[in-house]
file protein.cif (mmCIF, C-alpha atoms)
data_target
#
loop_
_atom_site.label_atom_id
_atom_site.label_comp_id
_atom_site.auth_asym_id
_atom_site.auth_seq_id
_atom_site.Cartn_x
_atom_site.Cartn_y
_atom_site.Cartn_z
CA MET A 1 204.88 5.69 -61.50
CA LEU A 2 201.93 4.10 -63.33
CA PHE A 3 204.08 1.14 -64.38
CA GLY A 4 205.39 0.76 -60.85
CA ALA A 5 201.85 0.55 -59.50
CA THR A 6 200.60 -2.13 -61.90
CA LEU A 7 203.54 -4.30 -63.00
CA PRO A 8 203.75 -6.07 -59.60
CA LEU A 9 200.37 -7.59 -60.53
CA VAL A 10 201.97 -9.76 -63.24
CA PRO A 11 202.80 -12.88 -61.16
CA TYR A 12 199.41 -12.77 -59.40
CA LEU A 13 197.50 -12.50 -62.69
CA ARG A 14 198.99 -15.83 -63.75
CA SER A 15 197.49 -17.74 -60.85
CA ASN A 16 194.68 -15.74 -59.24
CA VAL A 17 191.44 -16.16 -61.23
CA ARG A 18 189.50 -13.74 -59.03
CA LEU A 19 192.09 -10.99 -59.54
CA LEU A 20 192.17 -11.72 -63.29
CA LYS A 21 188.39 -11.26 -63.53
CA LEU A 22 188.58 -8.01 -61.56
CA VAL A 23 191.32 -6.57 -63.76
CA TRP A 24 189.47 -7.44 -66.96
CA MET A 25 186.29 -5.86 -65.62
CA LEU A 26 188.32 -2.77 -64.76
CA ILE A 27 189.72 -2.69 -68.29
CA GLY A 28 186.16 -2.58 -69.66
CA PHE A 29 185.07 0.13 -67.22
CA LEU A 30 188.07 2.49 -67.31
CA PRO A 31 187.34 4.33 -70.59
CA PHE A 32 184.32 5.88 -68.91
CA VAL A 33 186.25 7.46 -66.02
CA ILE A 34 189.83 8.03 -67.22
CA GLU A 35 189.24 11.71 -68.01
CA SER A 36 186.99 12.62 -65.10
CA VAL A 37 189.21 10.93 -62.48
CA HIS A 38 192.42 11.93 -64.34
CA LEU A 39 193.92 8.44 -64.53
CA TYR A 40 196.62 9.41 -67.01
CA MET A 41 199.93 11.22 -67.27
CA ALA A 42 202.01 12.68 -70.11
CA ALA A 43 205.73 12.57 -70.81
CA VAL A 44 205.12 15.39 -73.30
CA SER A 45 202.04 17.58 -72.96
CA TRP A 46 200.71 20.18 -75.42
CA VAL A 47 197.57 21.16 -73.55
CA THR A 48 196.71 24.04 -75.87
CA TRP A 49 197.24 22.13 -79.11
CA PRO A 50 193.99 22.26 -81.17
CA GLY A 51 194.26 18.64 -82.31
CA TYR A 52 192.69 15.60 -80.69
CA ALA A 53 195.94 14.09 -79.32
CA LYS A 54 197.59 16.40 -76.79
CA GLY A 55 200.89 14.67 -76.09
CA ILE A 56 202.76 11.45 -75.33
CA GLU A 57 200.21 10.17 -72.86
CA LEU A 58 199.89 7.03 -70.78
CA THR A 59 196.86 5.85 -68.84
CA VAL A 60 196.21 3.31 -66.10
CA LEU A 61 194.42 1.23 -68.72
CA ASP A 62 197.64 1.05 -70.79
CA THR A 63 199.67 -0.19 -67.84
CA LEU A 64 197.04 -2.77 -66.92
CA ALA A 65 197.04 -3.97 -70.53
CA LEU A 66 200.83 -4.33 -70.44
CA SER A 67 200.64 -6.22 -67.14
CA LEU A 68 198.09 -8.62 -68.64
CA TYR A 69 200.25 -9.09 -71.72
CA LEU A 70 203.30 -9.97 -69.64
CA SER A 71 201.27 -12.44 -67.58
CA MET A 72 200.04 -14.39 -70.61
CA PRO A 73 201.64 -17.51 -72.08
CA ARG A 74 203.24 -17.32 -75.49
CA ALA A 75 200.68 -17.06 -78.30
CA SER A 76 200.16 -20.20 -80.36
CA HIS A 77 198.63 -18.44 -83.38
CA PRO A 78 199.29 -15.26 -85.41
CA LEU A 79 197.51 -12.09 -84.36
CA PRO A 80 194.45 -11.40 -86.54
CA PHE A 81 194.20 -8.08 -88.41
CA ARG A 82 197.88 -7.27 -87.74
CA ILE A 83 198.52 -6.21 -91.35
CA ALA A 84 195.51 -3.87 -91.35
CA PHE A 85 196.67 -2.31 -88.08
CA GLY A 86 200.21 -2.00 -89.43
CA LEU A 87 199.15 -0.25 -92.64
CA TYR A 88 197.12 2.36 -90.77
CA PHE A 89 199.89 2.92 -88.23
CA LEU A 90 202.42 3.33 -91.06
CA SER A 91 200.17 5.88 -92.78
CA THR A 92 200.08 8.03 -89.64
CA LEU A 93 203.88 7.91 -89.34
CA LEU A 94 204.39 8.85 -93.00
CA SER A 95 202.00 11.78 -92.66
CA ALA A 96 204.47 13.40 -90.25
CA LEU A 97 206.73 14.11 -93.25
CA GLN A 98 204.35 16.81 -94.54
CA ALA A 99 202.88 17.99 -91.22
CA ILE A 100 203.10 21.54 -89.92
CA ALA A 101 203.87 20.06 -86.50
CA PRO A 102 205.40 16.58 -86.96
CA GLU A 103 205.56 16.09 -83.19
CA ALA A 104 201.77 16.41 -82.99
CA THR A 105 201.41 13.73 -85.67
CA LEU A 106 203.57 11.39 -83.60
CA PHE A 107 201.26 12.03 -80.63
CA TYR A 108 198.49 10.31 -82.60
CA SER A 109 200.80 7.51 -83.75
CA TRP A 110 201.66 6.87 -80.10
CA GLN A 111 197.96 6.87 -79.18
CA PHE A 112 197.24 4.30 -81.87
CA ALA A 113 200.12 2.12 -80.68
CA ARG A 114 198.48 2.04 -77.25
CA ILE A 115 195.19 1.04 -78.87
CA PHE A 116 196.96 -1.80 -80.70
CA LEU A 117 198.44 -3.05 -77.42
CA LEU A 118 194.98 -3.25 -75.86
CA TYR A 119 193.60 -5.01 -78.95
CA ALA A 120 196.41 -7.59 -78.93
CA VAL A 121 195.95 -8.30 -75.23
CA ILE A 122 192.21 -8.87 -75.66
CA VAL A 123 192.70 -11.24 -78.61
CA ARG A 124 195.16 -13.33 -76.60
CA GLY A 125 193.01 -13.09 -73.49
CA CYS A 126 190.03 -14.68 -75.27
CA ALA A 127 191.83 -18.03 -75.03
CA ASN A 128 190.60 -17.95 -71.42
CA PRO A 129 186.75 -18.19 -71.33
CA VAL A 130 186.74 -15.96 -68.25
CA VAL A 131 188.06 -12.95 -70.17
CA PRO A 132 185.24 -12.06 -72.63
CA ASP A 133 182.63 -12.32 -69.88
CA ALA A 134 184.60 -10.15 -67.44
CA LEU A 135 185.44 -7.54 -70.09
CA LEU A 136 181.79 -7.26 -71.18
CA LYS A 137 180.70 -6.87 -67.55
CA GLY A 138 183.09 -3.96 -67.13
CA MET A 139 181.80 -2.30 -70.30
CA ALA A 140 178.22 -2.85 -69.11
CA ALA A 141 179.01 -1.22 -65.76
CA GLY A 142 180.33 1.82 -67.61
CA LEU A 143 177.20 2.12 -69.74
CA LEU A 144 174.93 1.74 -66.70
CA MET A 145 176.85 4.53 -64.99
CA GLU A 146 176.38 6.72 -68.06
CA ALA A 147 172.63 6.01 -68.08
CA VAL A 148 172.32 7.26 -64.50
CA THR A 149 174.52 10.27 -65.29
CA VAL A 150 172.56 11.39 -68.36
CA LEU A 151 169.26 11.06 -66.51
CA TRP A 152 170.61 13.35 -63.80
CA GLN A 153 171.96 15.82 -66.35
CA ARG A 154 168.67 15.90 -68.24
CA PHE A 155 166.12 16.03 -65.41
CA GLY A 156 168.26 17.32 -62.55
CA LEU A 157 170.33 19.92 -64.39
CA GLY A 158 168.10 20.62 -67.37
CA VAL A 159 170.75 19.73 -69.98
CA LEU A 160 168.99 19.03 -73.28
CA GLN A 161 171.86 17.12 -74.91
CA ALA A 162 173.38 15.11 -72.08
CA SER A 163 176.95 13.91 -72.58
CA GLY A 164 177.48 11.87 -69.41
CA THR A 165 181.16 11.76 -68.44
CA PHE A 166 182.24 12.61 -71.99
CA PHE A 167 183.00 15.99 -73.55
CA HIS A 168 180.32 15.74 -76.22
CA GLN A 169 177.04 13.87 -76.55
CA ASN A 170 178.00 12.44 -79.95
CA GLU A 171 181.07 10.77 -78.47
CA LEU A 172 178.91 9.11 -75.82
CA GLY A 173 176.30 8.15 -78.40
CA MET A 174 178.81 6.45 -80.69
CA LEU A 175 180.50 4.69 -77.79
CA SER A 176 177.16 3.32 -76.59
CA HIS A 177 176.80 1.40 -79.88
CA PHE A 178 179.89 -0.64 -79.06
CA ILE A 179 178.22 -1.98 -75.92
CA VAL A 180 174.46 -2.08 -76.30
CA PHE A 181 174.26 -4.18 -79.49
CA PRO A 182 176.46 -7.07 -78.35
CA PHE A 183 174.29 -7.26 -75.23
CA PHE A 184 171.10 -7.02 -77.29
CA ALA A 185 172.32 -9.99 -79.35
CA LEU A 186 172.91 -11.93 -76.13
CA LEU A 187 169.48 -10.90 -74.82
CA LEU A 188 167.84 -12.53 -77.84
CA THR A 189 169.49 -15.86 -77.04
CA GLY A 190 168.03 -16.08 -73.53
CA ARG A 191 171.22 -17.82 -72.40
CA ALA A 192 173.26 -14.94 -71.01
CA GLY A 193 171.63 -14.22 -67.65
CA VAL A 194 170.04 -11.02 -66.42
CA LEU A 195 172.70 -8.48 -67.43
CA PRO A 196 171.65 -8.10 -71.11
CA ALA A 197 168.10 -7.27 -69.98
CA VAL A 198 169.54 -4.43 -67.87
CA VAL A 199 172.02 -3.12 -70.45
CA PHE A 200 169.46 -2.96 -73.26
CA PRO A 201 167.22 -0.28 -71.65
CA ALA A 202 170.28 1.54 -70.27
CA GLY A 203 171.60 1.86 -73.82
CA ALA A 204 168.25 3.15 -75.05
CA ILE A 205 168.25 5.77 -72.28
CA VAL A 206 171.74 6.95 -73.20
CA GLU A 207 170.83 7.20 -76.88
CA LEU A 208 167.68 9.21 -76.18
CA MET A 209 169.26 11.57 -73.67
CA THR A 210 172.02 12.59 -76.13
CA THR A 211 169.24 13.99 -78.39
CA SER A 212 171.56 13.23 -81.29
CA ARG A 213 169.75 12.55 -84.55
CA GLY A 214 172.47 10.22 -85.78
CA THR A 215 172.72 8.25 -82.55
CA ILE A 216 168.96 7.75 -82.23
CA ALA A 217 168.36 6.86 -85.89
CA LEU A 218 171.30 4.45 -86.07
CA GLY A 219 170.29 2.98 -82.73
CA ALA A 220 166.90 2.05 -84.18
CA LEU A 221 168.59 0.63 -87.27
CA GLY A 222 170.99 -1.37 -85.10
CA TYR A 223 168.26 -3.03 -83.07
CA GLY A 224 166.51 -4.00 -86.28
CA LEU A 225 169.68 -5.40 -87.85
CA VAL A 226 170.66 -7.46 -84.82
CA PHE A 227 167.14 -8.85 -84.55
CA ALA A 228 166.97 -9.72 -88.26
CA LEU A 229 170.35 -11.48 -88.23
CA SER A 230 169.47 -13.32 -85.03
CA ALA A 231 166.15 -14.43 -86.56
CA MET A 232 168.05 -15.72 -89.60
CA ARG A 233 170.07 -17.92 -87.26
CA GLY A 234 166.92 -19.43 -85.83
CA TRP A 235 163.45 -18.31 -84.69
CA THR A 236 162.28 -18.84 -81.11
CA SER A 237 159.20 -17.86 -79.15
CA ARG A 238 161.48 -15.68 -77.00
CA LYS A 239 162.45 -13.63 -80.05
CA GLY A 240 158.79 -13.28 -80.93
CA GLY A 241 158.05 -11.97 -77.44
CA ILE A 242 160.97 -9.52 -77.59
CA LEU A 243 159.78 -8.31 -81.00
CA ALA A 244 156.32 -7.57 -79.56
CA VAL A 245 157.84 -5.68 -76.63
CA PHE A 246 160.17 -3.82 -78.98
CA VAL A 247 157.33 -2.69 -81.25
CA ALA A 248 155.27 -1.52 -78.27
CA ALA A 249 158.27 0.34 -76.82
CA ALA A 250 159.00 1.97 -80.18
CA ALA A 251 155.43 3.23 -80.34
CA VAL A 252 156.00 5.02 -77.03
CA ILE A 253 159.64 6.03 -77.38
CA GLY A 254 159.45 7.14 -81.05
CA PRO A 255 157.33 10.24 -80.38
CA LEU A 256 159.46 11.06 -77.33
CA ALA A 257 162.61 10.94 -79.43
CA ILE A 258 161.07 13.17 -82.10
CA SER A 259 159.91 15.60 -79.43
CA ALA A 260 163.37 15.70 -77.83
CA ILE A 261 165.04 16.45 -81.16
CA ALA A 262 162.44 19.12 -81.90
CA GLN A 263 163.34 20.87 -78.64
CA ARG A 264 166.73 21.66 -80.14
CA GLY A 265 164.90 23.99 -82.51
CA ALA A 266 164.93 24.14 -86.29
CA GLU A 267 167.36 27.07 -86.23
CA GLN A 268 169.96 25.20 -84.19
CA ILE A 269 169.67 22.08 -86.37
CA GLU A 270 169.94 24.12 -89.58
CA GLY A 271 172.95 25.96 -88.17
CA SER A 272 174.62 22.66 -87.34
CA ASP A 273 174.02 21.37 -90.87
CA ASN A 274 175.38 24.54 -92.48
CA GLU A 275 178.49 24.35 -90.31
CA ARG A 276 179.11 20.76 -91.39
CA VAL A 277 178.97 21.83 -95.05
CA ALA A 278 181.47 24.63 -94.44
CA PHE A 279 183.88 22.31 -92.64
CA GLU A 280 183.76 19.81 -95.51
CA LYS A 281 184.33 22.59 -98.03
CA ALA A 282 187.46 23.61 -96.10
CA ALA A 283 188.61 19.97 -96.01
CA SER A 284 188.12 19.67 -99.79
CA MET A 285 190.20 22.79 -100.39
CA MET A 286 192.95 21.47 -98.12
CA LEU A 287 193.01 18.10 -99.89
CA THR A 288 193.31 19.81 -103.28
CA ASP A 289 196.36 21.74 -102.08
CA HIS A 290 197.83 18.83 -100.06
CA PRO A 291 196.90 15.49 -101.69
CA MET A 292 199.37 13.65 -99.43
CA GLY A 293 197.68 15.11 -96.36
CA VAL A 294 198.58 17.79 -93.84
CA GLY A 295 199.62 15.33 -91.12
CA ALA A 296 197.62 13.40 -88.54
CA ASN A 297 196.43 15.58 -85.66
CA ASN A 298 197.15 18.72 -87.72
CA PHE A 299 193.78 19.47 -89.35
CA VAL A 300 192.70 22.46 -87.26
CA GLU A 301 196.17 24.01 -87.27
CA ALA A 302 196.46 23.70 -91.06
CA ALA A 303 192.89 24.94 -91.60
CA ASN A 304 193.62 28.13 -89.67
CA THR A 305 197.18 28.92 -90.74
CA GLY A 306 196.28 28.22 -94.39
CA GLY A 307 193.17 30.41 -94.24
CA TYR A 308 190.92 27.52 -95.33
CA TYR A 309 188.31 28.08 -92.63
CA GLU A 310 187.96 31.74 -93.53
CA ARG A 311 187.61 31.02 -97.27
CA ALA A 312 185.14 28.19 -96.69
CA GLY A 313 182.87 30.40 -94.59
CA VAL A 314 183.37 28.64 -91.25
CA GLY A 315 182.19 30.91 -88.43
CA TRP A 316 185.06 32.33 -86.37
CA THR A 317 183.61 30.78 -83.21
CA SER A 318 184.27 27.35 -84.78
CA TYR A 319 187.90 27.94 -85.81
CA SER A 320 189.06 25.53 -83.10
CA ALA A 321 186.68 22.76 -84.25
CA THR A 322 187.26 19.83 -86.63
CA VAL A 323 185.43 18.73 -89.77
CA HIS A 324 182.43 16.66 -88.69
CA ASN A 325 183.28 13.67 -90.87
CA PHE A 326 185.91 11.13 -89.84
CA TYR A 327 186.60 10.09 -93.44
CA TRP A 328 187.16 13.67 -94.62
CA LEU A 329 189.39 14.17 -91.58
CA THR A 330 191.37 11.03 -92.40
CA VAL A 331 191.98 11.74 -96.09
CA THR A 332 192.80 15.39 -95.39
CA GLU A 333 195.30 14.55 -92.67
CA ILE A 334 196.97 11.33 -93.85
CA GLY A 335 196.12 11.28 -97.55
CA TYR A 336 194.57 8.67 -99.81
CA PHE A 337 196.93 5.94 -98.60
CA GLY A 338 195.76 6.60 -95.05
CA LEU A 339 192.10 6.49 -96.09
CA ILE A 340 192.59 3.17 -97.90
CA ALA A 341 194.45 1.75 -94.87
CA CYS A 342 191.62 2.93 -92.60
CA VAL A 343 188.95 1.31 -94.78
CA ILE A 344 190.89 -1.98 -94.76
CA LEU A 345 191.15 -1.80 -90.96
CA PHE A 346 187.40 -1.24 -90.76
CA ILE A 347 186.27 -3.90 -93.25
CA VAL A 348 188.44 -6.86 -92.21
CA PRO A 349 187.07 -7.31 -88.64
CA LEU A 350 183.53 -6.57 -89.85
CA ASN A 351 183.77 -9.33 -92.44
CA VAL A 352 185.07 -11.82 -89.85
CA ALA A 353 182.34 -10.94 -87.34
CA PHE A 354 179.49 -11.59 -89.77
CA ARG A 355 180.96 -14.60 -91.57
CA CYS A 356 181.96 -16.39 -88.39
CA GLY A 357 178.80 -15.33 -86.56
CA LEU A 358 176.43 -16.60 -89.23
CA ARG A 359 178.32 -19.87 -89.66
CA HIS A 360 177.92 -21.19 -86.08
CA ARG A 361 174.20 -21.43 -85.35
CA GLN A 362 174.33 -23.17 -81.95
CA ASP A 363 177.23 -21.25 -80.37
CA ILE A 364 176.35 -18.24 -78.19
CA ARG A 365 179.72 -16.73 -79.10
CA ALA A 366 178.42 -16.43 -82.66
CA ASP A 367 175.47 -14.37 -81.41
CA LEU A 368 177.94 -12.11 -79.65
CA LEU A 369 179.93 -11.76 -82.88
CA ILE A 370 176.77 -10.67 -84.71
CA GLY A 371 176.16 -7.97 -82.09
CA LEU A 372 179.78 -6.83 -82.25
CA GLY A 373 179.64 -6.68 -86.03
CA VAL A 374 176.51 -4.53 -86.04
CA ALA A 375 178.04 -2.27 -83.39
CA VAL A 376 181.17 -1.48 -85.39
CA LEU A 377 179.14 -1.14 -88.62
CA LEU A 378 176.96 1.55 -87.03
CA VAL A 379 180.01 3.45 -85.79
CA TYR A 380 181.47 3.33 -89.31
CA ILE A 381 178.23 4.79 -90.67
CA GLN A 382 177.94 7.48 -88.01
CA SER A 383 181.53 8.49 -88.70
CA PHE A 384 180.29 10.06 -91.94
CA GLU A 385 178.71 12.70 -89.69
CA GLU A 386 181.17 12.78 -86.76
CA TRP A 387 184.93 13.08 -86.28
CA VAL A 388 185.19 11.71 -82.73
CA PHE A 389 186.40 8.24 -83.71
CA VAL A 390 189.96 9.59 -83.35
CA THR A 391 189.53 10.26 -79.61
CA TYR A 392 191.43 7.77 -77.49
CA ARG A 393 188.52 6.80 -75.22
CA LEU A 394 186.34 5.83 -78.17
CA GLN A 395 189.26 3.97 -79.76
CA TYR A 396 189.81 2.06 -76.53
CA VAL A 397 186.28 0.64 -76.71
CA TYR A 398 186.66 0.00 -80.45
CA ALA A 399 189.78 -2.03 -79.64
CA MET A 400 187.70 -4.01 -77.14
CA ASP A 401 185.06 -4.85 -79.73
CA ILE A 402 187.41 -5.88 -82.52
CA GLY A 403 189.65 -7.61 -79.98
CA LEU A 404 186.66 -9.73 -79.02
CA ILE A 405 185.91 -10.33 -82.70
CA GLY A 406 189.46 -11.46 -83.41
CA GLY A 407 189.80 -13.49 -80.21
CA LEU A 408 186.42 -15.25 -80.38
CA ALA A 409 186.82 -16.03 -84.08
CA THR A 410 190.23 -17.53 -83.36
CA GLU A 411 188.88 -19.72 -80.57
CA MET A 412 186.01 -20.83 -82.82
CA GLY A 413 188.50 -22.01 -85.47
CA TYR A 414 187.64 -19.42 -88.11
CA TRP A 415 191.11 -19.23 -89.64
CA ARG A 416 191.66 -22.99 -89.45
CA ARG A 417 188.51 -23.48 -91.54
CA LEU A 418 189.72 -20.93 -94.10
CA ALA A 419 193.05 -22.70 -94.39
CA SER A 420 191.49 -26.16 -94.86
#
call {"tool": "encode", "arguments": {"input": "protein.cif", "output": "structure tokens"}}
result
Amino acid sequence: MLFGATLPLVPYLRSNVRLLKLVWMLIGFLPFVIESVHLYMAAVSWVTWPGYAKGIELTVLDTLALSLYLSMPRASHPLPFRIAFGLYFLSTLLSALQAIAPEATLFYSWQFARIFLLYAVIVRGCANPVVPDALLKGMAAGLLMEAVTVLWQRFGLGVLQASGTFFHQNELGMLSHFIVFPFFALLLTGRAGVLPAVVFPAGAIVELMTTSRGTIALGALGYGLVFALSAMRGWTSRKGGILAVFVAAAAVIGPLAISAIAQRGAEQIEGSDNERVAFEKAASMMLTDHPMGVGANNFVEAANTGGYYERAGVGWTSYSATVHNFYWLTVTEIGYFGLIACVILFIVPLNVAFRCGLRHRQDIRADLLIGLGVAVLLVYIQSFEEWVFVTYRLQYVYAMDIGLIGGLATEMGYWRRLAS
């Protein structure tokens, strides 16, 4: 049904620029509303499964991505990062061999295949200058919606840790990095219109309203990194003015952020830290017994059936939760090969973003690459304290960022320069 609704768009996407812009903006916006509006269906559904992938699912975003792919001309260059994607995908498939529930492992492999499709479509789409701009506008619209939502949740409903349209505030906080820092990089150039000046404060609002220590601290680090790298590319009076405004804003916002975190209470924060330690202890015990992994999407099931949570001292109320560290989750589920494949997938786009971004001093696309690079770097760092990178909505937006990195670098001749 989803395919039937979107595939007729294919011939129109080839010739209608206005429709093409609209669809790409929708692609950028959809991750924010897919769950709340229920824009997905499942051929196989395990609703009660304790893992993060619940079945063989398909969303409207997937069908739009396929429609865009079919409307595009044949690619004239190899797809960047394809080997890194392939290694990680292979590691998830192989982990099914030792999984308690191999079907559940394949749910995650299917999810990652959908993410790869979106990534590939974005890389190819960047050959059209309309695409990056439209995609970023859609992502900006989603973040602006979240800013309004968290303000309502905080001051209208009294929710201390607002999560917007997401299940958890940390998921929203990590996702905000993917959007706010590319726009902050564009704001520093002064050549990207009004939208960056709107997205920047919206991102700060989202970060503050999550009351997440990691999100707020890494947000501050991210602004500093983007500014420093932008200043290295060339100093302007505009950047000096933004620095002055930023320092003044930090003097006001800093105490507010500290106060908001303090409202959580020392007992709650200490309890959260102790729980993280117990989860990692359970993961370490599982890895010792299963060095090849317990299977992607099988962590919670293996932790409970093997008695690891009980022996590690995890509270019974958290038996359905996952270790709060993406890297521990990865190595425990898909083994050391999977962890190495994941690190390769993370490092390769990051390297391209910074190398290509710092090389082209007069190209605004290079500024965007710097912002994208900082965004993914911060998510990699925060993943030491969070597991939510495996959720499909966060991976959708990750695919958008590294798709832009791969696509923009290709159009800027990055790989041609390496070959020469």
call {"tool": "closest_residue", "arguments": {"input": "protein.cif", "among": "A:Val194, A:Ala231, A:Ala251, A:Leu243", "to": "Ala140 of chain A", "atoms": "all atoms listed in the file"}}
result
A:Val194
call {"tool": "resolve_selection", "arguments": {"input": "protein.cif", "expression": "the PyMOL selection byres ((chain A and resi 301) around 12)", "output": "MDAnalysis selection string"}}
result
chainID A and resid 48:52 99:102 104:105 286 294:300 302:309 319:322 333
call {"tool": "resolve_selection", "arguments": {"input": "protein.cif", "expression": "the PyMOL selection byres ((chain A and resi 205) around 12)", "output": "mmCIF file with C-alpha atoms, in the coordinates of the input"}}
result
data_model
loop_
_atom_site.group_PDB
_atom_site.id
_atom_site.type_symbol
_atom_site.label_atom_id
_atom_site.label_comp_id
_atom_site.auth_asym_id
_atom_site.auth_seq_id
_atom_site.Cartn_x
_atom_site.Cartn_y
_atom_site.Cartn_z
ATOM 1 C CA LEU A 143 177.200 2.120 -69.740
ATOM 2 C CA LEU A 144 174.930 1.740 -66.700
ATOM 3 C CA MET A 145 176.850 4.530 -64.990
ATOM 4 C CA GLU A 146 176.380 6.720 -68.060
ATOM 5 C CA ALA A 147 172.630 6.010 -68.080
ATOM 6 C CA VAL A 148 172.320 7.260 -64.500
ATOM 7 C CA THR A 149 174.520 10.270 -65.290
ATOM 8 C CA VAL A 150 172.560 11.390 -68.360
ATOM 9 C CA LEU A 151 169.260 11.060 -66.510
ATOM 10 C CA TRP A 152 170.610 13.350 -63.800
ATOM 11 C CA ARG A 154 168.670 15.900 -68.240
ATOM 12 C CA ALA A 162 173.380 15.110 -72.080
ATOM 13 C CA SER A 163 176.950 13.910 -72.580
ATOM 14 C CA GLY A 164 177.480 11.870 -69.410
ATOM 15 C CA LEU A 172 178.910 9.110 -75.820
ATOM 16 C CA GLY A 173 176.300 8.150 -78.400
ATOM 17 C CA SER A 176 177.160 3.320 -76.590
ATOM 18 C CA VAL A 180 174.460 -2.080 -76.300
ATOM 19 C CA VAL A 198 169.540 -4.430 -67.870
ATOM 20 C CA VAL A 199 172.020 -3.120 -70.450
ATOM 21 C CA PHE A 200 169.460 -2.960 -73.260
ATOM 22 C CA PRO A 201 167.220 -0.280 -71.650
ATOM 23 C CA ALA A 202 170.280 1.540 -70.270
ATOM 24 C CA GLY A 203 171.600 1.860 -73.820
ATOM 25 C CA ALA A 204 168.250 3.150 -75.050
ATOM 26 C CA VAL A 206 171.740 6.950 -73.200
ATOM 27 C CA GLU A 207 170.830 7.200 -76.880
ATOM 28 C CA LEU A 208 167.680 9.210 -76.180
ATOM 29 C CA MET A 209 169.260 11.570 -73.670
ATOM 30 C CA THR A 210 172.020 12.590 -76.130
ATOM 31 C CA THR A 211 169.240 13.990 -78.390
ATOM 32 C CA THR A 215 172.720 8.250 -82.550
ATOM 33 C CA ILE A 216 168.960 7.750 -82.230
ATOM 34 C CA GLY A 219 170.290 2.980 -82.730
ATOM 35 C CA ILE A 253 159.640 6.030 -77.380
ATOM 36 C CA LEU A 256 159.460 11.060 -77.330
ATOM 37 C CA ALA A 257 162.610 10.940 -79.430
#
call {"tool": "residues_around", "arguments": {"input": "protein.cif", "residues": "segment 126-135 of chain A", "least_positions_apart": "3", "cutoff": "6 Å", "atoms": "only C-alpha atoms", "output": "mmCIF file with C-alpha atoms, keeping the file's coordinate frame"}}
result
data_model
loop_
_atom_site.group_PDB
_atom_site.id
_atom_site.type_symbol
_atom_site.label_atom_id
_atom_site.label_comp_id
_atom_site.auth_asym_id
_atom_site.auth_seq_id
_atom_site.Cartn_x
_atom_site.Cartn_y
_atom_site.Cartn_z
ATOM 1 C CA LYS A 21 188.390 -11.260 -63.530
ATOM 2 C CA TRP A 24 189.470 -7.440 -66.960
ATOM 3 C CA MET A 25 186.290 -5.860 -65.620
ATOM 4 C CA GLY A 28 186.160 -2.580 -69.660
ATOM 5 C CA VAL A 123 192.700 -11.240 -78.610
ATOM 6 C CA GLY A 138 183.090 -3.960 -67.130
ATOM 7 C CA GLY A 407 189.800 -13.490 -80.210
#
call {"tool": "residues_near_point", "arguments": {"input": "protein.cif", "point": "(166.3, -7.9, -83.2)", "cutoff": "12 Å", "atoms": "only C-alpha atoms", "output": "VMD selection string"}}
result
chain A and resid 181 to 189 200 219 to 236 238 to 247 367 370 to 371 374
call {"tool": "residues_around", "arguments": {"input": "protein.cif", "residues": "Val33 of chain A", "least_positions_apart": "2", "cutoff": "10 Å", "atoms": "all atoms listed in the file", "output": "JSON, numbers by chain"}}
result
{"A": [29, 30, 31, 35, 36, 37, 38, 39, 142, 145, 165, 166, 393]}
call {"tool": "write_last_selection", "arguments": {"input": "protein.cif", "atoms": "C-alpha atoms", "output": "CSV table (one decimal), in the coordinates of the input"}}
result
chain,number,residue,atom,x,y,z
A,29,PHE,CA,185.1,0.1,-67.2
A,30,LEU,CA,188.1,2.5,-67.3
A,31,PRO,CA,187.3,4.3,-70.6
A,35,GLU,CA,189.2,11.7,-68.0
A,36,SER,CA,187.0,12.6,-65.1
A,37,VAL,CA,189.2,10.9,-62.5
A,38,HIS,CA,192.4,11.9,-64.3
A,39,LEU,CA,193.9,8.4,-64.5
A,142,GLY,CA,180.3,1.8,-67.6
A,145,MET,CA,176.8,4.5,-65.0
A,165,THR,CA,181.2,11.8,-68.4
A,166,PHE,CA,182.2,12.6,-72.0
A,393,ARG,CA,188.5,6.8,-75.2
call {"tool": "decode", "arguments": {"input": "protein.cif", "residues": "segment 106-112 of chain A", "atoms": "N, CA and C atoms", "output": "compact mmCIF listing (two decimals), in the first residue's frame"}}
result
# COMPACT_ATOMS: atom_id res chain seq x y z
N LEU A 106 17.74 -10.32 12.30
CA LEU A 106 17.46 -9.93 10.92
C LEU A 106 16.55 -8.71 10.85
N PHE A 107 15.76 -8.46 11.90
CA PHE A 107 14.98 -7.22 11.95
C PHE A 107 15.91 -6.01 11.88
N TYR A 108 17.02 -6.08 12.65
CA TYR A 108 17.96 -4.96 12.65
C TYR A 108 18.71 -4.87 11.33
N SER A 109 19.06 -6.02 10.76
CA SER A 109 19.74 -6.00 9.46
C SER A 109 18.85 -5.34 8.41
N TRP A 110 17.56 -5.64 8.45
CA TRP A 110 16.60 -5.02 7.53
C TRP A 110 16.54 -3.51 7.77
N GLN A 111 16.50 -3.11 9.04
CA GLN A 111 16.47 -1.68 9.37
C GLN A 111 17.70 -0.99 8.78
N PHE A 112 18.86 -1.60 8.94
CA PHE A 112 20.08 -0.96 8.44
C PHE A 112 20.10 -0.91 6.92
